[in-house]
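Input: a single structure, listed below in structure tokens.
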Amino acid sequence: MIDLHTHTTFSDGCLIPAELARRAAKAGYRAVAITDHADHSNIRLILDNLLRFVREAGPYLGIDVLAGVEITHVPPPLIPGLIHTARQLGAQIVVVHGETIVEPVLKGTNLAAIEGRADILAHPGILTPQEAALATQNNVALEITTRKGHSLTNGLVAALAKAHNAKLVINNDAHEPGDFVSLELRKKIAMGAGLTPDDYSQTDNNAQR
């Protein structure tokens with residue numbers, strides 16, 4: 001298993017990076033991306049510290065760890081520029097906090113993330129067919145999430161991704177130890193969203209790439 005969307009004490013998670021990596025490894029994950037919530041005020045702080053952690057501690061963790069950010073509640077016109085800034089600062093993966101139906105995310109966030117060519121659009125909520133098609137064109141992966149609340153629209157996201165040949169990845173959006181679901185539950189959540197076993201295998205291939 002690979003999880004490309006997690007949080008530590010650098011935003012609203014409850015684990016420091018070393019403990020998050022250890023708990024992910026113990027839960028059976030072989031790679032994890034730490035993607036703390038970022039806007040213009042804290043993106044440099046997050047990436048400076050996470051990149052140093054990955055560089056110094058990474059070889060000893062028993063799991064591959066990537067340093068990234070989740071651009072969160074940033075006004076849509078500013079999102080493409082902040083994606084570019086994150087990459088300039090060394091982010092190994094850039095996630096954008098999508099238009100989940102359980103938070104007041106500004107309309108236009110999904111489109112801005114896709115147009116800005118983020119790596120992953122997290123929990124996109126009521127995704128449109130046009131956005132799914134553009135995600136395919138811009139090589140932006142769409143997220144199937146195991147997180148309560150955000151997962152309510154997994155079925156729509158999966159259906160549109162399949163209809164438009166967009167890439168899917170499965171992430172936990174982990175904030176605390178219990179968020180790293182087992183392989184069995186991860187597969188059940190994928191099947192519940194309408195993915196076939198072949199679709200599920202493809203999500204693993206997408207995450208690995």
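As shown in the structure tokens, the chain order sets the letters A, B, ...; within each chain, residues go from 1, and ligands are also counted from 1 in the order they appear.
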
Write out as number ranges by chain each polymer residue whose atoms come within 8 Å of Asn154 (chain A), counting only C-alpha atoms; drop sequence neighbours fewer than 2 positions from it.
A: 123, 125, 144-145, 150-152, 156-158, 193

Using all heavy atoms, can you export the residues from the last selection as a short mmCIF file (atom, residue, chain, number, x, y, z; two decimals), in the first residue's frame?
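Dumped everything to result09.cif:
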data_model
loop_
_atom_site.label_atom_id
_atom_site.label_comp_id
_atom_site.auth_asym_id
_atom_site.auth_seq_id
_atom_site.Cartn_x
_atom_site.Cartn_y
_atom_site.Cartn_z
N HIS A 123 -10.19 14.50 -2.37
CA HIS A 123 -11.64 14.53 -2.10
C HIS A 123 -12.36 15.63 -2.88
O HIS A 123 -12.76 16.65 -2.32
CB HIS A 123 -11.90 14.67 -0.60
CG HIS A 123 -10.98 15.61 0.14
ND1 HIS A 123 -10.99 16.97 -0.06
CD2 HIS A 123 -10.05 15.39 1.08
CE1 HIS A 123 -10.10 17.54 0.73
NE2 HIS A 123 -9.51 16.60 1.43
N GLY A 125 -15.29 16.03 -4.07
CA GLY A 125 -16.70 16.33 -3.87
C GLY A 125 -17.51 16.10 -5.13
O GLY A 125 -17.36 15.10 -5.81
N ILE A 144 -9.69 8.79 -4.30
CA ILE A 144 -10.68 8.04 -3.54
C ILE A 144 -10.17 8.02 -2.10
O ILE A 144 -9.05 7.59 -1.85
CB ILE A 144 -10.85 6.61 -4.08
CG1 ILE A 144 -11.34 6.63 -5.53
CG2 ILE A 144 -11.80 5.82 -3.19
CD1 ILE A 144 -12.69 7.27 -5.73
N THR A 145 -10.97 8.51 -1.17
CA THR A 145 -10.50 8.68 0.19
C THR A 145 -11.19 7.74 1.16
O THR A 145 -12.38 7.45 1.01
CB THR A 145 -10.68 10.14 0.66
OG1 THR A 145 -10.25 10.28 2.01
CG2 THR A 145 -12.14 10.58 0.56
N HIS A 150 -15.43 13.01 3.88
CA HIS A 150 -14.89 13.24 2.54
C HIS A 150 -15.25 12.10 1.60
O HIS A 150 -15.35 12.29 0.38
CB HIS A 150 -13.36 13.37 2.60
CG HIS A 150 -12.87 14.58 3.32
ND1 HIS A 150 -13.53 15.79 3.31
CD2 HIS A 150 -11.75 14.78 4.07
CE1 HIS A 150 -12.84 16.68 4.02
NE2 HIS A 150 -11.76 16.09 4.49
N SER A 151 -15.41 10.89 2.15
CA SER A 151 -15.63 9.71 1.31
C SER A 151 -17.06 9.61 0.77
O SER A 151 -17.34 8.73 -0.05
CB SER A 151 -15.33 8.44 2.13
OG SER A 151 -16.19 8.34 3.26
N LEU A 152 -17.94 10.51 1.18
CA LEU A 152 -19.35 10.41 0.78
C LEU A 152 -19.54 10.52 -0.73
O LEU A 152 -20.55 10.05 -1.26
CB LEU A 152 -20.17 11.48 1.50
CG LEU A 152 -20.34 11.29 3.01
CD1 LEU A 152 -20.97 12.52 3.64
CD2 LEU A 152 -21.17 10.04 3.31
N LEU A 156 -19.19 8.98 -7.05
CA LEU A 156 -19.23 9.90 -8.19
C LEU A 156 -17.84 10.11 -8.77
O LEU A 156 -17.66 10.07 -10.00
CB LEU A 156 -19.81 11.24 -7.75
CG LEU A 156 -19.79 12.36 -8.80
CD1 LEU A 156 -20.66 12.00 -10.00
CD2 LEU A 156 -20.22 13.69 -8.19
N VAL A 157 -16.86 10.31 -7.91
CA VAL A 157 -15.49 10.53 -8.37
C VAL A 157 -15.00 9.32 -9.16
O VAL A 157 -14.42 9.45 -10.25
CB VAL A 157 -14.55 10.83 -7.19
CG1 VAL A 157 -13.10 10.93 -7.66
CG2 VAL A 157 -14.97 12.13 -6.49
N ALA A 158 -15.26 8.13 -8.63
CA ALA A 158 -14.82 6.91 -9.31
C ALA A 158 -15.51 6.76 -10.66
O ALA A 158 -14.87 6.42 -11.67
CB ALA A 158 -15.10 5.70 -8.43
N ALA A 193 -16.96 2.07 -3.73
CA ALA A 193 -17.00 3.23 -4.62
C ALA A 193 -17.27 2.83 -6.07
O ALA A 193 -17.42 3.71 -6.93
CB ALA A 193 -15.69 4.00 -4.55
#

Closest-contact table, region 63-94 of chain A side, partner region 42-52 of chain A, 7 Å, counting only C-alpha atoms, as CSV:
residue,atom,partner,partner_atom,distance
A:Ala67,CA,A:Leu50,CA,5.5
A:Gly68,CA,A:Leu47,CA,6.7
A:Leu89,CA,A:Leu47,CA,6.9
A:Ala91,CA,A:Leu47,CA,6.6

Let me make sure I understand: among A:Leu168, A:Val65, A:Val74, A:Gly149, which one has the smallest atom-to-atom distance to Glu103 (chain A) if we use only C-alpha atoms?
A:Gly149

Could you work out how far CA of Asn165 (chain A) lies from CA of Gln202 (chain A), giving the answer in Å with one decimal?
11.4 Å

If DSSP is run on the backbone, what residues of region 165-208 of chain A are strand (DSSP E)? A reply as JSON, numbers by chain would be ideal.
{"A": [168, 169, 170, 171]}

Can you write just those residues out, N, CA, C and O atoms, as a tab-separated table (two decimals), in the first residue's frame?
chain	number	residue	atom	x	y	z
A	168	LEU	N	-6.82	7.43	-10.80
A	168	LEU	CA	-7.31	7.42	-9.42
A	168	LEU	C	-6.21	6.94	-8.49
A	168	LEU	O	-5.41	6.07	-8.86
A	169	VAL	N	-6.17	7.50	-7.28
A	169	VAL	CA	-5.34	6.98	-6.20
A	169	VAL	C	-6.21	6.87	-4.96
A	169	VAL	O	-7.20	7.59	-4.82
A	170	ILE	N	-5.85	5.97	-4.07
A	170	ILE	CA	-6.59	5.77	-2.82
A	170	ILE	C	-5.72	6.25	-1.67
A	170	ILE	O	-4.59	5.78	-1.50
A	171	ASN	N	-6.24	7.21	-0.90
A	171	ASN	CA	-5.50	7.78	0.22
A	171	ASN	C	-6.34	7.79	1.49
A	171	ASN	O	-7.57	7.80	1.43

Report as a PyMOL selection string all protein, DNA and RNA residues lying within 12 Å of Leu134 (chain A), evaluated on only C-alpha atoms, omitting residues in the same chain fewer than 5 positions from it.
chain A and resi 110-117+121+127-129+139-142+160-161+164-167

Just asking: which residues within chain A are helix (DSSP H, G or I) according to DSSP, as a PyMOL selection string?
chain A and resi 17-26+43-60+76-88+109-115+129-138+150-164+177-179+183-192+197-208

Would you mind listing, for every residue of region 56-86 of chain A within 9 Å of region 12-29 of chain A, the two atoms forming the shortest contact and the distance between them in Å to one decimal, using only C-alpha atoms, sorted by chain and ascending residue number, as JSON lines?
{"residue": "A:Ala57", "atom": "CA", "partner": "A:Ala18", "partner_atom": "CA", "distance": 8.0}
{"residue": "A:Leu61", "atom": "CA", "partner": "A:Arg22", "partner_atom": "CA", "distance": 6.8}
{"residue": "A:Gly62", "atom": "CA", "partner": "A:Ala25", "partner_atom": "CA", "distance": 6.9}
{"residue": "A:Ile63", "atom": "CA", "partner": "A:Ala25", "partner_atom": "CA", "distance": 5.9}
{"residue": "A:Asp64", "atom": "CA", "partner": "A:Ala21", "partner_atom": "CA", "distance": 8.5}
{"residue": "A:Val65", "atom": "CA", "partner": "A:Ala21", "partner_atom": "CA", "distance": 7.2}
